[in-house]
file my_file24.cif (mmCIF, C-alpha atoms and all ligand atoms)
data_start
#
loop_
_atom_site.label_atom_id
_atom_site.label_comp_id
_atom_site.auth_asym_id
_atom_site.auth_seq_id
_atom_site.Cartn_x
_atom_site.Cartn_y
_atom_site.Cartn_z
CA MET A 22 4.34 -25.01 -10.39
CA ALA A 23 5.62 -21.85 -8.74
CA ILE A 24 4.74 -18.18 -8.72
CA LEU A 25 7.40 -15.57 -9.34
CA VAL A 26 6.81 -12.59 -7.03
CA THR A 27 8.71 -9.45 -7.99
CA GLY A 28 9.15 -6.96 -5.14
CA GLY A 29 8.44 -9.76 -2.66
CA ALA A 30 10.68 -8.11 -0.03
CA GLY A 31 8.47 -5.01 -0.01
CA TYR A 32 5.36 -4.28 2.02
CA ILE A 33 2.50 -5.73 -0.05
CA GLY A 34 4.67 -8.31 -1.83
CA SER A 35 5.92 -9.85 1.43
CA VAL A 36 2.39 -10.16 2.83
CA THR A 37 1.25 -11.77 -0.43
CA VAL A 38 4.14 -14.26 -0.36
CA GLU A 39 2.86 -15.35 3.08
CA ALA A 40 -0.70 -15.64 1.75
CA LEU A 41 0.40 -17.67 -1.31
CA GLU A 42 2.41 -20.06 0.86
CA ALA A 43 -0.56 -20.47 3.20
CA GLU A 44 -2.60 -21.55 0.14
CA GLY A 45 0.04 -24.14 -0.77
CA TYR A 46 1.73 -22.29 -3.66
CA ASP A 47 5.48 -22.52 -4.21
CA VAL A 48 6.88 -19.02 -4.43
CA VAL A 49 10.09 -17.53 -5.83
CA VAL A 50 11.01 -13.92 -5.03
CA VAL A 51 13.09 -11.46 -7.03
CA ASP A 52 13.88 -8.10 -5.42
CA ASN A 53 16.80 -5.68 -5.68
CA LEU A 54 16.25 -4.55 -2.06
CA SER A 55 16.31 -0.90 -3.17
CA ARG A 56 13.23 -0.35 -1.02
CA GLY A 57 12.58 -3.75 0.53
CA HIS A 58 13.93 -5.80 3.41
CA ARG A 59 15.63 -9.19 3.05
CA GLU A 60 14.21 -10.36 6.39
CA ALA A 61 10.66 -9.78 5.08
CA VAL A 62 11.12 -12.96 2.99
CA ALA A 63 11.29 -16.26 4.88
CA ASP A 64 14.57 -18.18 4.55
CA ASP A 65 12.89 -21.16 2.89
CA VAL A 66 11.59 -19.04 -0.02
CA PRO A 67 14.00 -19.02 -3.01
CA PHE A 68 15.27 -15.43 -3.23
CA TYR A 69 17.05 -13.80 -6.18
CA LEU A 70 18.73 -10.47 -5.56
CA GLY A 71 18.58 -8.21 -8.61
CA ASN A 72 16.62 -6.08 -11.02
CA ILE A 73 13.50 -7.28 -12.78
CA GLY A 74 14.92 -5.63 -15.89
CA ASP A 75 18.00 -7.87 -15.79
CA ARG A 76 17.10 -10.23 -18.63
CA SER A 77 19.75 -12.85 -17.86
CA LEU A 78 18.62 -12.98 -14.22
CA ILE A 79 14.99 -13.52 -15.23
CA GLN A 80 16.07 -16.22 -17.73
CA ARG A 81 18.06 -17.94 -14.95
CA ILE A 82 15.06 -17.81 -12.59
CA LEU A 83 12.82 -19.35 -15.26
CA ASN A 84 15.40 -22.05 -15.99
CA GLU A 85 15.85 -22.94 -12.33
CA ASN A 86 12.18 -22.89 -11.25
CA PRO A 87 8.88 -24.20 -12.72
CA ILE A 88 7.30 -20.71 -12.89
CA THR A 89 3.73 -20.64 -14.23
CA ALA A 90 2.65 -17.11 -13.23
CA CYS A 91 4.16 -13.83 -12.14
CA MET A 92 2.88 -11.33 -9.57
CA HIS A 93 4.54 -8.04 -10.30
CA PHE A 94 4.80 -5.76 -7.23
CA SER A 95 8.23 -4.23 -7.78
CA ALA A 96 8.15 -0.51 -8.56
CA PHE A 97 9.01 2.86 -7.14
CA ALA A 98 5.84 4.29 -5.65
CA TYR A 99 6.31 7.82 -4.30
CA VAL A 100 4.19 10.35 -6.16
CA GLY A 101 6.31 13.36 -5.12
CA GLU A 102 9.58 11.64 -6.04
CA SER A 103 8.14 10.75 -9.45
CA VAL A 104 7.48 14.43 -10.15
CA GLU A 105 11.10 15.30 -9.27
CA LYS A 106 12.69 12.26 -10.95
CA PRO A 107 10.40 11.08 -13.77
CA GLN A 108 13.23 9.35 -15.64
CA MET A 109 13.82 7.07 -12.65
CA TYR A 110 10.12 6.18 -12.54
CA PHE A 111 9.65 5.47 -16.23
CA GLU A 112 12.85 3.41 -16.30
CA ASN A 113 12.11 1.36 -13.18
CA ASN A 114 8.36 0.97 -13.51
CA PHE A 115 7.88 0.84 -17.28
CA VAL A 116 11.14 0.03 -19.11
CA GLN A 117 12.15 -2.71 -16.67
CA THR A 118 8.63 -4.14 -16.69
CA ALA A 119 8.79 -4.33 -20.50
CA ALA A 120 12.02 -6.37 -20.22
CA LEU A 121 10.47 -8.63 -17.56
CA LEU A 122 7.42 -9.25 -19.75
CA ASP A 123 9.61 -10.10 -22.77
CA GLU A 124 11.46 -12.73 -20.79
CA LEU A 125 8.29 -14.15 -19.23
CA ILE A 126 6.59 -14.50 -22.60
CA ALA A 127 9.75 -15.98 -24.16
CA GLY A 128 9.79 -18.47 -21.26
CA GLY A 129 6.12 -19.37 -21.77
CA VAL A 130 4.84 -17.68 -18.58
CA MET A 131 1.52 -16.26 -19.77
CA ARG A 132 -0.23 -15.35 -16.48
CA PHE A 133 0.51 -12.02 -14.90
CA VAL A 134 -0.96 -10.16 -11.91
CA PHE A 135 0.01 -6.50 -11.89
CA SER A 136 0.07 -3.97 -9.02
CA SER A 137 -1.63 -1.02 -10.61
CA THR A 138 -3.03 1.93 -8.75
CA CYS A 139 -5.91 4.37 -8.39
CA ALA A 140 -3.30 6.99 -9.40
CA THR A 141 -3.99 5.92 -13.01
CA TYR A 142 -7.40 7.64 -12.79
CA GLY A 143 -6.12 11.12 -11.93
CA GLU A 144 -8.62 13.70 -10.68
CA PRO A 145 -11.94 11.82 -10.29
CA HIS A 146 -15.12 13.19 -11.85
CA THR A 147 -17.39 10.58 -10.25
CA ILE A 148 -17.23 8.95 -6.83
CA PRO A 149 -17.03 6.04 -6.18
CA ILE A 150 -14.55 5.41 -8.99
CA ASP A 151 -15.27 2.34 -11.10
CA GLU A 152 -12.95 0.72 -13.64
CA LYS A 153 -14.58 2.53 -16.58
CA HIS A 154 -13.65 5.92 -15.13
CA SER A 155 -11.38 7.88 -17.48
CA GLN A 156 -7.64 7.53 -16.87
CA ASN A 157 -5.62 10.72 -16.89
CA PRO A 158 -2.87 10.53 -14.24
CA THR A 159 -1.65 13.72 -12.59
CA ASN A 160 1.93 12.53 -12.02
CA PRO A 161 4.67 10.38 -13.66
CA TYR A 162 4.11 7.56 -11.14
CA GLY A 163 0.50 7.19 -12.34
CA TRP A 164 1.59 7.38 -15.99
CA SER A 165 4.30 4.74 -15.49
CA LYS A 166 1.60 2.36 -14.23
CA LEU A 167 -0.88 3.29 -16.95
CA PHE A 168 1.76 2.64 -19.64
CA VAL A 169 2.15 -0.89 -18.26
CA GLU A 170 -1.63 -1.38 -18.29
CA ARG A 171 -1.71 -0.40 -21.98
CA MET A 172 1.20 -2.70 -22.74
CA LEU A 173 -0.59 -5.58 -21.00
CA SER A 174 -3.71 -5.10 -23.16
CA ALA A 175 -1.60 -5.08 -26.33
CA TYR A 176 0.30 -8.21 -25.23
CA ASP A 177 -2.95 -9.99 -24.46
CA ASN A 178 -4.21 -9.12 -27.92
CA ALA A 179 -1.01 -10.03 -29.78
CA TYR A 180 0.58 -12.80 -27.70
CA GLY A 181 -2.23 -14.22 -25.56
CA LEU A 182 -0.82 -12.99 -22.25
CA ARG A 183 -3.56 -13.23 -19.60
CA PHE A 184 -3.40 -10.66 -16.83
CA VAL A 185 -5.27 -9.11 -13.96
CA ALA A 186 -4.28 -5.51 -13.27
CA LEU A 187 -5.32 -4.73 -9.71
CA ARG A 188 -5.79 -1.02 -9.12
CA TYR A 189 -5.18 -0.59 -5.41
CA PHE A 190 -6.39 2.34 -3.42
CA ASN A 191 -4.48 2.89 -0.12
CA ALA A 192 -2.88 -0.24 1.33
CA ALA A 193 -2.67 -0.18 5.12
CA GLY A 194 -2.38 -2.43 8.18
CA ALA A 195 -0.20 -5.46 8.86
CA THR A 196 -0.22 -9.17 9.60
CA ALA A 197 1.33 -10.54 12.81
CA THR A 198 4.68 -10.88 11.04
CA ARG A 199 4.77 -8.45 8.07
CA GLY A 200 4.02 -4.75 7.89
CA GLU A 201 4.82 -1.39 6.40
CA ARG A 202 8.41 -0.13 6.68
CA HIS A 203 8.99 2.41 3.95
CA ASP A 204 11.97 4.74 4.14
CA PRO A 205 11.17 7.57 3.82
CA GLU A 206 7.62 6.92 5.03
CA THR A 207 5.01 8.95 3.19
CA HIS A 208 1.83 7.06 4.07
CA LEU A 209 -0.61 8.60 6.51
CA ILE A 210 -1.30 5.75 8.95
CA PRO A 211 2.35 4.83 9.71
CA LEU A 212 3.20 8.54 9.96
CA ALA A 213 0.34 9.14 12.41
CA LEU A 214 1.51 6.12 14.46
CA LYS A 215 5.07 7.49 14.45
CA ALA A 216 3.83 10.91 15.58
CA ALA A 217 1.78 9.33 18.40
CA ALA A 218 4.90 7.40 19.49
CA GLY A 219 7.06 10.56 19.46
CA GLU A 220 9.27 9.18 16.65
CA ILE A 221 8.53 12.23 14.54
CA GLU A 222 7.72 15.65 15.93
CA GLN A 223 4.36 15.95 14.26
CA LEU A 224 2.13 14.74 11.48
CA SER A 225 1.58 17.18 8.61
CA ILE A 226 -2.05 17.52 7.56
CA PHE A 227 -2.13 18.88 4.03
CA GLY A 228 -5.22 21.06 3.67
CA ASP A 229 -8.36 21.45 5.77
CA ASP A 230 -10.37 23.41 3.21
CA TYR A 231 -11.46 20.55 0.96
CA PRO A 232 -15.18 20.16 0.23
CA THR A 233 -15.48 17.28 2.74
CA PRO A 234 -17.36 17.20 6.07
CA ASP A 235 -14.26 18.06 8.17
CA GLY A 236 -12.31 19.79 5.39
CA THR A 237 -9.54 17.16 5.16
CA ALA A 238 -8.98 14.81 2.21
CA ILE A 239 -10.78 11.47 2.09
CA ARG A 240 -9.15 8.21 0.99
CA ASP A 241 -10.14 4.54 0.75
CA TYR A 242 -7.96 2.29 2.94
CA ILE A 243 -7.72 -1.44 2.36
CA HIS A 244 -6.12 -3.94 4.72
CA VAL A 245 -2.95 -5.43 3.24
CA SER A 246 -4.20 -8.97 4.06
CA ASP A 247 -7.32 -8.30 2.00
CA LEU A 248 -5.11 -7.08 -0.85
CA ALA A 249 -3.01 -10.24 -0.59
CA LYS A 250 -6.12 -12.39 -0.63
CA ALA A 251 -7.28 -10.69 -3.83
CA HIS A 252 -3.94 -11.61 -5.47
CA VAL A 253 -4.36 -15.26 -4.57
CA LEU A 254 -7.88 -15.16 -6.04
CA ALA A 255 -6.59 -13.37 -9.16
CA VAL A 256 -3.97 -16.03 -9.88
CA SER A 257 -6.49 -18.82 -9.40
CA TYR A 258 -8.94 -16.92 -11.66
CA LEU A 259 -6.25 -16.91 -14.39
CA GLU A 260 -5.40 -20.57 -13.76
CA ASN A 261 -9.08 -21.36 -14.35
CA GLY A 262 -9.01 -19.66 -17.75
CA GLY A 263 -10.26 -16.20 -16.71
CA GLU A 264 -10.03 -13.37 -19.24
CA SER A 265 -7.68 -10.42 -18.71
CA ASP A 266 -9.23 -7.70 -16.57
CA PHE A 267 -8.70 -4.45 -14.68
CA ILE A 268 -10.05 -4.55 -11.14
CA ASN A 269 -10.20 -1.97 -8.35
CA LEU A 270 -9.22 -3.00 -4.84
CA GLY A 271 -10.56 -0.80 -2.07
CA ASN A 272 -13.19 -0.93 0.64
CA GLY A 273 -15.65 1.35 -1.09
CA ASP A 274 -15.57 3.54 2.03
CA GLY A 275 -13.64 6.72 2.60
CA TYR A 276 -12.04 8.15 5.73
CA SER A 277 -10.76 11.66 6.19
CA VAL A 278 -7.31 12.54 7.48
CA ARG A 279 -8.88 13.79 10.72
CA GLU A 280 -10.80 10.53 11.15
CA ILE A 281 -7.53 8.60 10.77
CA VAL A 282 -5.86 10.84 13.35
CA ASP A 283 -8.75 10.30 15.79
CA VAL A 284 -8.71 6.51 15.41
CA VAL A 285 -4.89 6.40 15.73
CA SER A 286 -5.03 8.35 19.01
CA ARG A 287 -7.82 6.12 20.31
CA VAL A 288 -5.94 2.91 19.38
CA VAL A 289 -2.58 4.11 20.74
CA GLY A 290 -4.05 5.94 23.74
CA ARG A 291 -2.05 9.10 22.96
CA ASP A 292 -2.60 12.32 21.06
CA VAL A 293 -1.22 12.61 17.54
CA PRO A 294 0.66 15.94 17.39
CA ALA A 295 -0.21 17.47 14.02
CA SER A 296 0.45 20.65 12.07
CA LEU A 297 -1.73 22.07 9.37
CA GLU A 298 -0.01 22.68 6.01
CA PRO A 299 -1.33 23.98 2.69
CA ARG A 300 -2.90 21.52 0.23
CA ARG A 301 -0.46 19.61 -1.98
CA ALA A 302 -0.81 20.24 -5.69
CA GLY A 303 -2.70 17.47 -7.46
CA ASP A 304 -4.19 15.93 -4.28
CA PRO A 305 -7.88 15.19 -5.03
CA SER A 306 -10.37 15.81 -2.21
CA ARG A 307 -11.83 12.28 -2.35
CA LEU A 308 -10.65 8.95 -3.74
CA ILE A 309 -13.08 6.11 -3.08
CA ALA A 310 -13.23 2.81 -4.96
CA ASP A 311 -16.18 1.07 -6.44
CA ALA A 312 -14.83 -2.39 -5.64
CA SER A 313 -17.81 -4.38 -6.87
CA ARG A 314 -15.92 -6.01 -9.78
CA ALA A 315 -13.44 -7.56 -7.33
CA LYS A 316 -16.42 -9.23 -5.71
CA THR A 317 -18.23 -10.34 -8.87
CA VAL A 318 -15.19 -11.35 -10.97
CA LEU A 319 -12.83 -12.69 -8.28
CA GLY A 320 -15.30 -13.58 -5.51
CA TRP A 321 -13.30 -11.31 -3.19
CA GLN A 322 -14.73 -10.13 0.12
CA PRO A 323 -12.70 -7.92 2.47
CA GLU A 324 -12.20 -9.53 5.88
CA PHE A 325 -10.96 -6.42 7.70
CA PRO A 326 -12.87 -3.49 6.20
CA ASP A 327 -13.18 -1.37 9.35
CA LEU A 328 -10.66 1.35 9.96
CA GLU A 329 -10.05 0.50 13.60
CA SER A 330 -8.95 -3.06 12.86
CA ILE A 331 -6.67 -1.82 10.06
CA ILE A 332 -5.02 0.72 12.35
CA ARG A 333 -4.85 -1.67 15.32
CA SER A 334 -3.02 -4.25 13.18
CA ALA A 335 -0.47 -1.63 12.07
CA HIS A 336 0.02 -0.51 15.69
CA LEU A 337 0.47 -4.08 16.96
CA TRP A 338 3.02 -4.82 14.22
CA ARG A 339 5.04 -1.72 15.07
CA ALA A 340 4.93 -2.54 18.79
CA ARG A 341 5.91 -6.23 18.35
N1 LIG B 401 1.32 0.93 -0.87
C1 LIG B 401 0.22 1.35 -1.49
O1 LIG B 401 -0.70 1.91 -0.87
C2 LIG B 401 0.05 1.13 -2.98
C3 LIG B 401 -1.08 1.65 -3.62
C4 LIG B 401 -1.24 1.43 -5.00
C5 LIG B 401 -0.32 0.67 -5.71
N2 LIG B 401 0.80 0.18 -5.06
C6 LIG B 401 1.77 -0.60 -5.83
O2 LIG B 401 1.99 -1.83 -5.15
C7 LIG B 401 3.33 -2.28 -5.34
C8 LIG B 401 3.96 -2.60 -4.01
O3 LIG B 401 3.91 -1.45 -3.17
P1 LIG B 401 4.61 -1.47 -1.74
O4 LIG B 401 3.94 -0.40 -0.92
O5 LIG B 401 4.67 -2.86 -1.23
O6 LIG B 401 6.07 -0.93 -2.14
P2 LIG B 401 7.50 -1.35 -1.54
O7 LIG B 401 8.42 -0.24 -1.91
O8 LIG B 401 7.37 -1.71 -0.10
O9 LIG B 401 7.87 -2.65 -2.37
C9 LIG B 401 8.42 -2.61 -3.67
C10 LIG B 401 9.55 -3.61 -3.72
O10 LIG B 401 10.06 -3.65 -5.06
C11 LIG B 401 11.49 -3.67 -5.01
N3 LIG B 401 11.95 -3.11 -6.30
C12 LIG B 401 11.74 -1.85 -6.78
N4 LIG B 401 12.25 -1.75 -8.03
C13 LIG B 401 12.80 -2.96 -8.35
C14 LIG B 401 13.45 -3.48 -9.49
N5 LIG B 401 13.67 -2.74 -10.58
N6 LIG B 401 13.87 -4.78 -9.46
C15 LIG B 401 13.66 -5.55 -8.37
N7 LIG B 401 13.04 -5.11 -7.25
C16 LIG B 401 12.61 -3.83 -7.25
C17 LIG B 401 11.85 -2.86 -3.79
O11 LIG B 401 13.12 -3.18 -3.27
C18 LIG B 401 10.71 -3.26 -2.82
O12 LIG B 401 11.05 -4.39 -2.04
C19 LIG B 401 4.02 -1.17 -6.13
O13 LIG B 401 4.05 -1.54 -7.49
C20 LIG B 401 3.14 0.05 -5.92
O14 LIG B 401 3.21 0.93 -7.01
C21 LIG B 401 1.00 0.40 -3.71
#

call {"tool": "encode", "arguments": {"input": "my_file24.cif", "output": "structure tokens", "more": "lines below"}}
Ligand SMILES: NC(=O)c1ccc[n+]([C@@H]2O[C@H](COP(=O)([O-])OP(=O)(O)OC[C@H]3O[C@@H](n4cnc5c(N)ncnc54)[C@H](O)[C@@H]3O)[C@@H](O)[C@H]2O)c1
result
Amino acid sequence: MAILVTGGAGYIGSVTVEALEAEGYDVVVVDNLSRGHREAVADDVPFYLGNIGDRSLIQRILNENPITACMHFSAFAYVGESVEKPQMYFENNFVQTAALLDELIAGGVMRFVFSSTCATYGEPHTIPIDEKHSQNPTNPYGWSKLFVERMLSAYDNAYGLRFVALRYFNAAGATATRGERHDPETHLIPLALKAAAGEIEQLSIFGDDYPTPDGTAIRDYIHVSDLAKAHVLAVSYLENGGESDFINLGNGDGYSVREIVDVVSRVVGRDVPASLEPRRAGDPSRLIADASRAKTVLGWQPEFPDLESIIRSAHLWRAR
């Protein structure tokens, strides 16, 4: 029995590979390294270089390994880029996922854990956001993920595929050995750490006139180890006959951009040089998860919910 992890050389995938191995699972990784790092996958983990939409590659992986479930992390995940290059996003995130699913189902792999996103909700009309909230994405990235969610429901209904679609809020933090290394980096915490270290001139803060206590946007940050743990629980939930489900993963707490900047400067012991820019179009003022289903359905409990430990782990990983 082995788990196929797509995008296992990326940030969240590589941390989850570690977590699966720690739980005794055999893991096989497929990644085209378009955005990932070969060294993020340990040498003893079988690694296939290529696209998840390459049908013959997926067939070969299934022939060579006793795969019983797939965790699907691989995707492009920059909102701004998806607005400029929607074709690239629908092809990579939706069309290639459709090919992957065809091959998995043809090979009898009927358990699937999907990296979905809070971007499928669009502009929230209630906070915290639960899984029944309407889904109306404001960008092609969110739509590419929502299309996959819809496809998964139809495949469950028609073919008996069992899936858990995990809708992450903002992944952050690091383990001792794996962390965030996106290029270009667009996420707030690594950018604030880079600004504090003098690696970039300054951090851009987009908007300070939101209806929030300090005027900056509020987001829900979840430690990447807690995300990884939820994936391990999701696969065991499916192994135990669990029904397909959509589940939010967040802390249920929000922090503003200014709060992040303050904690980063406290953790690093240096100021974070920052410039104030206008709001970005389509950026909601608050995105906070109602993560109660993750607790009731999966038995998940975040181990590192506080912001300081999330930021400290990211800082330690960068400084290693
Ligand atoms: N980082 C977040 O805060 C966040 C939030 C919500 C959802 N997600 C989702 O979680 C998943 C992982 O995010 P991440 O931050 O680890 O991203 P990442 O870019 O670090 O990892 C994605 C990996 O997928 C690989 N990849 C991309 N397209 C591929 C393809 N067609 N074939 C094979 N490999 C391919 C890349 O090389 C990379 O290693 C993504 O699906 C993303 O949409 C991330």

call {"tool": "closest_residue", "arguments": {"input": "my_file24.cif", "among": "A:Tyr231, A:Phe115, A:Tyr258, A:Tyr142", "to": "Asn160 (chain A)", "atoms": "all atoms listed in the file"}}
result
A:Tyr142

call {"tool": "closest_residue", "arguments": {"input": "my_file24.cif", "among": "A:Ala255, A:Met131, A:Ile243, A:Val285", "to": "ligand LIG 401 (chain B)", "atoms": "only C-alpha atoms and all ligand atoms"}}
result
A:Ile243

call {"tool": "atom_distance", "arguments": {"input": "my_file24.cif", "atom1": "CA of Asp304 (chain A)", "atom2": "CA of Ala238 (chain A)"}}
result
8.1 Å

call {"tool": "atom_distance", "arguments": {"input": "my_file24.cif", "atom1": "atom C4 of ligand LIG 401 (chain B)", "atom2": "CA of Leu187 (chain A)"}}
result
8.8 Å

call {"tool": "closest_atom_pairs", "arguments": {"input": "my_file24.cif", "of": "chain A", "to": "ligand LIG 401 (chain B)", "cutoff": "8 Å", "atoms": "only C-alpha atoms and all ligand atoms", "output": "JSON lines"}}
result
{"residue": "A:Thr27", "atom": "CA", "partner": "B:LIG401", "partner_atom": "N7", "distance": 6.2}
{"residue": "A:Gly28", "atom": "CA", "partner": "B:LIG401", "partner_atom": "O10", "distance": 3.4}
{"residue": "A:Gly29", "atom": "CA", "partner": "B:LIG401", "partner_atom": "O12", "distance": 6.0}
{"residue": "A:Ala30", "atom": "CA", "partner": "B:LIG401", "partner_atom": "O12", "distance": 4.2}
{"residue": "A:Gly31", "atom": "CA", "partner": "B:LIG401", "partner_atom": "O12", "distance": 3.3}
{"residue": "A:Tyr32", "atom": "CA", "partner": "B:LIG401", "partner_atom": "O5", "distance": 3.6}
{"residue": "A:Ile33", "atom": "CA", "partner": "B:LIG401", "partner_atom": "O5", "distance": 3.8}
{"residue": "A:Gly34", "atom": "CA", "partner": "B:LIG401", "partner_atom": "O5", "distance": 5.5}
{"residue": "A:Ser35", "atom": "CA", "partner": "B:LIG401", "partner_atom": "O5", "distance": 7.6}
{"residue": "A:Val51", "atom": "CA", "partner": "B:LIG401", "partner_atom": "C15", "distance": 6.1}
{"residue": "A:Asp52", "atom": "CA", "partner": "B:LIG401", "partner_atom": "N7", "distance": 3.6}
{"residue": "A:Asn53", "atom": "CA", "partner": "B:LIG401", "partner_atom": "N7", "distance": 4.1}
{"residue": "A:Leu54", "atom": "CA", "partner": "B:LIG401", "partner_atom": "O11", "distance": 3.6}
{"residue": "A:Ser55", "atom": "CA", "partner": "B:LIG401", "partner_atom": "O11", "distance": 3.9}
{"residue": "A:Arg56", "atom": "CA", "partner": "B:LIG401", "partner_atom": "O11", "distance": 3.6}
{"residue": "A:Gly57", "atom": "CA", "partner": "B:LIG401", "partner_atom": "O12", "distance": 3.1}
{"residue": "A:His58", "atom": "CA", "partner": "B:LIG401", "partner_atom": "O12", "distance": 6.3}
{"residue": "A:Leu70", "atom": "CA", "partner": "B:LIG401", "partner_atom": "C15", "distance": 7.6}
{"residue": "A:Gly71", "atom": "CA", "partner": "B:LIG401", "partner_atom": "C15", "distance": 5.6}
{"residue": "A:Asn72", "atom": "CA", "partner": "B:LIG401", "partner_atom": "N6", "distance": 3.4}
{"residue": "A:Ile73", "atom": "CA", "partner": "B:LIG401", "partner_atom": "N6", "distance": 4.2}
{"residue": "A:Gly74", "atom": "CA", "partner": "B:LIG401", "partner_atom": "N5", "distance": 6.2}
{"residue": "A:His93", "atom": "CA", "partner": "B:LIG401", "partner_atom": "O13", "distance": 7.1}
{"residue": "A:Phe94", "atom": "CA", "partner": "B:LIG401", "partner_atom": "C7", "distance": 4.2}
{"residue": "A:Ser95", "atom": "CA", "partner": "B:LIG401", "partner_atom": "O10", "distance": 3.3}
{"residue": "A:Ala96", "atom": "CA", "partner": "B:LIG401", "partner_atom": "C12", "distance": 4.2}
{"residue": "A:Phe97", "atom": "CA", "partner": "B:LIG401", "partner_atom": "C12", "distance": 5.5}
{"residue": "A:Ala98", "atom": "CA", "partner": "B:LIG401", "partner_atom": "O14", "distance": 4.5}
{"residue": "A:Asn113", "atom": "CA", "partner": "B:LIG401", "partner_atom": "N5", "distance": 5.1}
{"residue": "A:Asn114", "atom": "CA", "partner": "B:LIG401", "partner_atom": "N5", "distance": 7.1}
{"residue": "A:Gln117", "atom": "CA", "partner": "B:LIG401", "partner_atom": "N5", "distance": 6.3}
{"residue": "A:Phe135", "atom": "CA", "partner": "B:LIG401", "partner_atom": "O13", "distance": 7.8}
{"residue": "A:Ser136", "atom": "CA", "partner": "B:LIG401", "partner_atom": "O2", "distance": 4.8}
{"residue": "A:Ser137", "atom": "CA", "partner": "B:LIG401", "partner_atom": "C5", "distance": 5.3}
{"residue": "A:Thr138", "atom": "CA", "partner": "B:LIG401", "partner_atom": "C4", "distance": 4.2}
{"residue": "A:Cys139", "atom": "CA", "partner": "B:LIG401", "partner_atom": "C4", "distance": 6.5}
{"residue": "A:Ala140", "atom": "CA", "partner": "B:LIG401", "partner_atom": "C4", "distance": 7.4}
{"residue": "A:Tyr162", "atom": "CA", "partner": "B:LIG401", "partner_atom": "O14", "distance": 7.9}
{"residue": "A:Lys166", "atom": "CA", "partner": "B:LIG401", "partner_atom": "O14", "distance": 7.5}
{"residue": "A:Arg188", "atom": "CA", "partner": "B:LIG401", "partner_atom": "C4", "distance": 6.6}
{"residue": "A:Tyr189", "atom": "CA", "partner": "B:LIG401", "partner_atom": "C4", "distance": 4.4}
{"residue": "A:Phe190", "atom": "CA", "partner": "B:LIG401", "partner_atom": "C3", "distance": 5.4}
{"residue": "A:Asn191", "atom": "CA", "partner": "B:LIG401", "partner_atom": "O1", "distance": 4.0}
{"residue": "A:Ala192", "atom": "CA", "partner": "B:LIG401", "partner_atom": "O1", "distance": 3.8}
{"residue": "A:Ala193", "atom": "CA", "partner": "B:LIG401", "partner_atom": "O1", "distance": 6.6}
{"residue": "A:Glu201", "atom": "CA", "partner": "B:LIG401", "partner_atom": "O8", "distance": 7.0}
{"residue": "A:Arg202", "atom": "CA", "partner": "B:LIG401", "partner_atom": "O8", "distance": 7.0}
{"residue": "A:His203", "atom": "CA", "partner": "B:LIG401", "partner_atom": "O8", "distance": 6.0}
{"residue": "A:His208", "atom": "CA", "partner": "B:LIG401", "partner_atom": "O1", "distance": 7.6}
